[in-house]
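Peer 1: Structure file coords.csv, CSV, C-alpha atoms, is pasted below:
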chain,number,residue,atom,x,y,z
T,1,MET,CA,8.5,-13.2,12.3
T,2,LYS,CA,5.6,-13.7,9.9
T,3,ILE,CA,5.3,-11.1,7.2
T,4,ILE,CA,1.9,-10.4,5.6
T,5,GLY,CA,1.6,-8.4,2.5
T,6,LEU,CA,-1.7,-6.4,2.6
T,7,THR,CA,-2.7,-5.1,-0.8
T,8,GLY,CA,-5.7,-4.0,-2.9
T,9,GLY,CA,-6.8,-1.3,-5.2
T,10,ILE,CA,-7.6,2.3,-4.3
T,11,GLY,CA,-10.5,2.6,-1.9
T,12,SER,CA,-10.7,-1.2,-1.3
T,13,GLY,CA,-10.4,-0.9,2.5
T,14,LYS,CA,-6.7,-1.7,3.0
T,15,SER,CA,-6.2,1.0,5.6
T,16,THR,CA,-9.3,-0.1,7.6
T,17,VAL,CA,-8.0,-3.7,7.6
T,18,ALA,CA,-4.5,-2.5,8.5
T,19,GLY,CA,-6.0,-0.5,11.4
T,20,PHE,CA,-7.7,-3.6,12.8
T,21,LEU,CA,-4.5,-5.7,12.5
T,22,ALA,CA,-2.6,-3.0,14.3
T,23,GLU,CA,-5.2,-3.1,17.1
T,24,LEU,CA,-4.7,-6.9,17.3
T,25,GLY,CA,-0.9,-6.5,17.7
T,26,ALA,CA,0.6,-6.4,14.2
T,27,ALA,CA,3.4,-4.1,13.4
T,28,VAL,CA,2.0,-2.3,10.3
T,29,LEU,CA,4.3,-0.7,7.7
T,30,ASN,CA,2.4,1.6,5.3
T,31,ALA,CA,4.2,1.9,2.0
T,32,ASP,CA,2.5,5.2,1.1
T,33,SER,CA,3.4,6.8,4.4
T,34,ILE,CA,7.0,5.6,4.1
T,35,TRP,CA,7.1,7.1,0.6
T,36,HIS,CA,5.7,10.4,1.8
T,37,GLU,CA,8.4,10.6,4.5
T,38,ILE,CA,11.1,9.8,1.9
T,39,LEU,CA,9.8,12.5,-0.4
T,40,GLU,CA,10.1,15.0,2.4
T,41,THR,CA,13.4,14.0,3.9
T,42,ASP,CA,15.6,12.3,1.3
T,43,ALA,CA,17.5,14.9,-0.8
T,44,VAL,CA,18.8,12.3,-3.2
T,45,ILE,CA,15.3,11.0,-4.0
T,46,GLN,CA,14.0,14.5,-4.3
T,47,GLN,CA,16.6,15.4,-6.9
T,48,LYS,CA,15.8,12.2,-8.8
T,49,ILE,CA,12.1,13.2,-8.9
T,50,VAL,CA,13.0,16.7,-10.2
T,51,ASP,CA,15.4,15.3,-12.8
T,52,ALA,CA,12.7,12.8,-14.0
T,53,PHE,CA,9.6,15.1,-14.0
T,54,GLY,CA,10.9,18.7,-14.0
T,55,LYS,CA,10.1,21.7,-11.9
T,56,GLN,CA,6.4,21.3,-12.7
T,57,VAL,CA,6.1,19.1,-9.6
T,58,LEU,CA,7.5,21.7,-7.2
T,59,GLY,CA,5.5,24.1,-5.1
T,60,ALA,CA,6.2,27.8,-4.5
T,61,ASP,CA,8.5,26.8,-1.7
T,62,GLY,CA,10.7,24.7,-4.0
T,63,LYS,CA,9.5,21.4,-2.4
T,64,ILE,CA,7.9,18.5,-4.2
T,65,GLU,CA,4.1,18.7,-4.0
T,66,ARG,CA,2.6,15.2,-4.0
T,67,ILE,CA,-0.6,16.4,-5.6
T,68,LYS,CA,1.3,17.9,-8.6
T,69,LEU,CA,3.4,14.7,-8.9
T,70,ALA,CA,0.2,12.6,-8.9
T,71,ASP,CA,-1.4,14.8,-11.6
T,72,VAL,CA,1.6,14.0,-13.8
T,73,VAL,CA,1.9,10.3,-13.2
T,74,PHE,CA,-1.7,9.3,-13.1
T,75,LYS,CA,-2.4,10.7,-16.6
T,76,ASP,CA,0.4,8.8,-18.3
T,77,ARG,CA,1.3,5.2,-17.6
T,78,ASN,CA,4.9,5.7,-18.8
T,79,GLU,CA,5.3,8.5,-16.2
T,80,LEU,CA,3.9,6.2,-13.5
T,81,VAL,CA,6.4,3.5,-14.4
T,82,LYS,CA,9.2,6.1,-14.3
T,83,LEU,CA,8.1,7.1,-10.8
T,84,ASN,CA,7.8,3.5,-9.6
T,85,LEU,CA,11.4,2.8,-10.7
T,86,ILE,CA,12.5,5.6,-8.3
T,87,SER,CA,10.0,5.0,-5.5
T,88,HIS,CA,9.8,1.2,-5.1
T,89,PRO,CA,13.5,0.5,-4.3
T,90,ALA,CA,13.6,3.4,-1.9
T,91,ILE,CA,10.5,2.3,-0.1
T,92,TYR,CA,11.7,-1.3,0.2
T,93,ARG,CA,15.1,-0.3,1.6
T,94,ARG,CA,13.3,1.5,4.3
T,95,ILE,CA,10.9,-1.4,4.9
T,96,GLN,CA,13.9,-3.8,5.2
T,97,SER,CA,15.4,-1.6,7.8
T,98,LEU,CA,12.2,-1.5,9.8
T,99,LEU,CA,11.7,-5.2,9.5
T,100,LYS,CA,15.2,-5.9,10.8
T,101,ASN,CA,14.4,-3.8,13.9
T,102,TYR,CA,11.1,-5.6,14.4
T,103,ARG,CA,12.9,-8.9,14.4
T,104,LYS,CA,15.3,-7.7,17.0
T,105,GLN,CA,12.3,-6.6,19.1
T,106,GLY,CA,10.7,-10.0,18.9
T,107,VAL,CA,7.7,-8.9,16.9
T,108,GLU,CA,5.7,-12.0,15.7
T,109,VAL,CA,3.7,-10.5,12.8
T,110,ALA,CA,4.5,-7.6,10.6
T,111,VAL,CA,2.1,-6.3,7.9
T,112,ILE,CA,3.3,-4.4,4.8
T,113,GLU,CA,0.4,-2.4,3.5
T,114,ALA,CA,1.1,-1.6,-0.1
T,115,PRO,CA,-1.3,-0.9,-3.0
T,116,LEU,CA,1.4,-1.9,-5.5
T,117,LEU,CA,2.9,-4.9,-3.6
T,118,ILE,CA,2.4,-7.3,-6.5
T,119,GLU,CA,3.4,-4.8,-9.2
T,120,ALA,CA,6.5,-3.9,-7.3
T,121,GLY,CA,7.6,-7.5,-7.3
T,122,TRP,CA,7.4,-7.9,-3.5
T,123,ALA,CA,5.1,-10.9,-3.5
T,124,THR,CA,8.0,-13.2,-3.0
T,125,ARG,CA,9.3,-11.1,-0.1
T,126,VAL,CA,6.3,-11.8,2.1
T,127,ASP,CA,5.0,-15.0,3.6
T,128,GLU,CA,1.5,-14.5,2.4
T,129,ILE,CA,-0.7,-11.9,0.6
T,130,TRP,CA,-4.0,-10.6,2.0
T,131,LEU,CA,-6.1,-8.8,-0.6
T,132,THR,CA,-8.9,-6.4,0.1
T,133,LEU,CA,-11.8,-6.2,-2.5
T,134,ALA,CA,-15.0,-4.2,-2.8
T,135,PRO,CA,-17.5,-3.6,-5.7
T,136,LYS,CA,-16.5,-0.8,-8.0
T,137,GLU,CA,-19.5,1.3,-7.1
T,138,VAL,CA,-18.7,1.0,-3.4
T,139,ILE,CA,-15.1,2.1,-4.0
T,140,VAL,CA,-16.2,5.1,-6.0
T,141,GLU,CA,-18.7,6.1,-3.3
T,142,ARG,CA,-15.9,5.8,-0.6
T,143,LEU,CA,-13.5,7.9,-2.7
T,144,ILE,CA,-16.0,10.6,-3.5
T,145,LYS,CA,-16.7,10.9,0.3
T,146,LYS,CA,-13.0,11.5,0.8
T,147,GLY,CA,-13.2,14.4,-1.7
T,148,MET,CA,-11.8,12.8,-4.8
T,149,SER,CA,-13.2,13.9,-8.2
T,150,ALA,CA,-14.8,11.4,-10.6
T,151,GLU,CA,-12.0,12.2,-13.0
T,152,ASP,CA,-9.2,11.5,-10.5
T,153,ILE,CA,-10.9,8.2,-9.5
T,154,LYS,CA,-11.2,7.0,-13.0
T,155,ALA,CA,-7.6,7.9,-13.8
T,156,ARG,CA,-6.3,6.0,-10.8
T,157,MET,CA,-8.5,3.0,-11.4
T,158,ASN,CA,-7.3,2.8,-15.0
T,159,MET,CA,-3.7,2.6,-13.9
T,160,GLN,CA,-4.4,-0.5,-11.7
T,161,ILE,CA,-3.9,-4.1,-12.6
T,162,PRO,CA,-7.1,-6.1,-12.9
T,163,PRO,CA,-8.5,-7.6,-9.7
T,164,GLU,CA,-8.1,-11.1,-11.2
T,165,ASP,CA,-4.3,-10.7,-11.2
T,166,ARG,CA,-4.3,-9.8,-7.6
T,167,ILE,CA,-6.7,-12.6,-6.6
T,168,LYS,CA,-4.3,-15.1,-8.3
T,169,ALA,CA,-1.5,-14.0,-6.0
T,170,ALA,CA,-3.5,-13.7,-2.8
T,171,LYS,CA,-3.7,-16.4,-0.1
T,172,ILE,CA,-6.6,-14.6,1.6
T,173,VAL,CA,-9.3,-12.4,-0.1
T,174,ILE,CA,-11.2,-10.0,2.2
T,175,ASP,CA,-14.5,-8.6,1.1
T,176,THR,CA,-14.7,-5.2,2.8
T,177,ASP,CA,-18.2,-4.4,1.6
T,178,LYS,CA,-19.8,-5.2,5.0
T,179,PRO,CA,-20.5,-3.4,8.3
T,180,LEU,CA,-17.4,-2.4,10.1
T,181,GLU,CA,-18.1,-4.6,13.1
T,182,GLU,CA,-18.5,-7.6,10.9
T,183,LEU,CA,-15.3,-6.8,9.0
T,184,LYS,CA,-13.5,-6.4,12.3
T,185,GLU,CA,-14.7,-9.8,13.4
T,186,THR,CA,-13.5,-11.3,10.1
T,187,ILE,CA,-10.0,-9.8,10.6
T,188,SER,CA,-9.9,-11.0,14.2
T,189,ASP,CA,-10.6,-14.6,13.1
T,190,LEU,CA,-7.9,-14.4,10.4
T,191,TRP,CA,-5.5,-12.9,12.9
T,192,HIS,CA,-6.0,-15.6,15.5
T,193,SER,CA,-5.5,-18.3,12.8
T,194,THR,CA,-2.3,-16.5,11.7
T,195,THR,CA,-0.9,-16.2,15.2
T,196,VAL,CA,-1.6,-19.8,15.9
T,197,ASP,CA,0.2,-20.8,12.7
T,198,THR,CA,3.2,-18.6,13.7
T,199,ASN,CA,3.4,-20.1,17.2
T,200,ARG,CA,3.5,-23.6,15.8
T,201,ARG,CA,6.6,-22.9,13.8
Spit out the file's structure as structure tokens when you get a sec.

Peer 2:
Amino acid sequence: MKIIGLTGGIGSGKSTVAGFLAELGAAVLNADSIWHEILETDAVIQQKIVDAFGKQVLGADGKIERIKLADVVFKDRNELVKLNLISHPAIYRRIQSLLKNYRKQGVEVAVIEAPLLIEAGWATRVDEIWLTLAPKEVIVERLIKKGMSAEDIKARMNMQIPPEDRIKAAKIVIDTDKPLEELKETISDLWHSTTVDTNRR
């Protein structure tokens, strides 16, 4: 099974590309979705979060609110590092379990969609890295359309590693600043070259 690491900054088009890859037959693992599930179901991780950040991240129902947690960690890099030390190992344990099942099922290509794939140290755990990029003004426009405030966008962008660092690690760089049909065709071409390489092994 070939494992592709799909990464990129916030609003860079990762989810769109992942959706195209899923349509083409890839098994897509979304690290953010996995983390959301862990936060909702894993009592041990929930307690670690409360111990690390206090009850300020809890809602009226006593459960962790992702928005409150995000407000804390995206204003202070040290707090974000603290969260990543809890979240990254937990997410990857779940990913490993899912990948094991996919191998048993005979899946040919799996995609790990993770914004912090490089920062988490997962670059060596995938066969190749695909990176999504778009101009800053395009990204800001996309995020505003999704309802994010300019302040939140700036805070999250400031926490990201420079695009140059991601480009150095990537095998394939995908410019997502193009019409959807054109982007879909690009991904289809990349997919077919990937599956051909896999079948030759």

Peer 1: Hey, can you check how far atom CA of T:Pro135 sits from atom CA of T:Ile10?

Peer 2: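 It comes out at 11.6 Å.
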
Peer 1: May I ask for the distance between atom CA of T:Ala31 and atom CA of T:Arg94, given in Å to one decimal place?

Peer 2: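 Those two atoms sit 9.4 Å apart.
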
Peer 1: Neighbours of T:Val44 within 12 Å (all atoms listed in the file; same-chain residues fewer than 5 positions away dropped), as a list in words?

Peer 2: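 Once the nearby chain positions are removed, what remains is Ile38, Leu39, Ile49, Val50, Asp51, Ile86, Ser87 and Ala90 of chain T.
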
Peer 1: Measuring between all atoms listed in the file, which one of T:Ala169, T:Phe74, T:Thr176, T:Lys63 shows the shortest distance to T:Thr124?

Peer 2: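 Nearest to T:Thr124: T:Ala169.
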
Peer 1: Could you tell me how far atom CA of T:Ala26 lies from atom CA of T:Val111, in Å and to one decimal?

Peer 2: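 That distance, rounded to one decimal, is 6.5 Å.
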
Peer 1: Here is a test: counting all atoms listed in the file, which residue of T:Gln46, T:Gln160, T:Ser149, T:Thr194 is nearest to T:Val81?

Peer 2: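 Among T:Gln46, T:Gln160, T:Ser149, T:Thr194, it is T:Gln160 that comes nearest to T:Val81.
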
Peer 1: Between T:Pro163, T:Glu37, T:Ser12, T:Leu83, which one has atoms that come closest to T:Glu141, using all atoms listed in the file?

Peer 2: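 Ranked by minimum distance to T:Glu141, first place goes to T:Ser12.
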
Peer 1: If we count all atoms listed in the file and set the cut-off at 7 Å, which residues sit around T:Ala110, ignoring sequence neighbours fewer than 2 positions away in its own chain? Please answer as a ChimeraX atom specification.

Peer 2: /T:2-4,26-28,108,112

Peer 1: Could you check the closest approach to T:Ala18 for each of T:Ala150, T:Ala114, T:Ile67, T:Met157 and tell me which residue wins, using all atoms listed in the file?

Peer 2: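 Selected residue with least distance to T:Ala18: T:Ala114.
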
Peer 1: Tell me, as a PyMOL selection string, which residues lie within 12 Å of T:Ile64, counting only C-alpha atoms; anything in the same chain fewer than 2 positions away does not count.

Peer 2: chain T and resi 36-43+45-51+53-62+66-70

Peer 1: Here is a test: counting all atoms listed in the file, which residue of T:Ser97, T:Glu23, T:Ile91, T:Gly106 is nearest to T:Trp191?

Peer 2: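 Of all the options, T:Glu23 lies closest to T:Trp191.
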
Peer 1: Taking all atoms listed in the file into account, name the residue in T:Lys75, T:Leu80, T:Ile34, T:Leu98 that is nearest to T:Ala52.

Peer 2: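 Of T:Lys75, T:Leu80, T:Ile34, T:Leu98, the one nearest T:Ala52 is T:Leu80, counting all atoms listed in the file.
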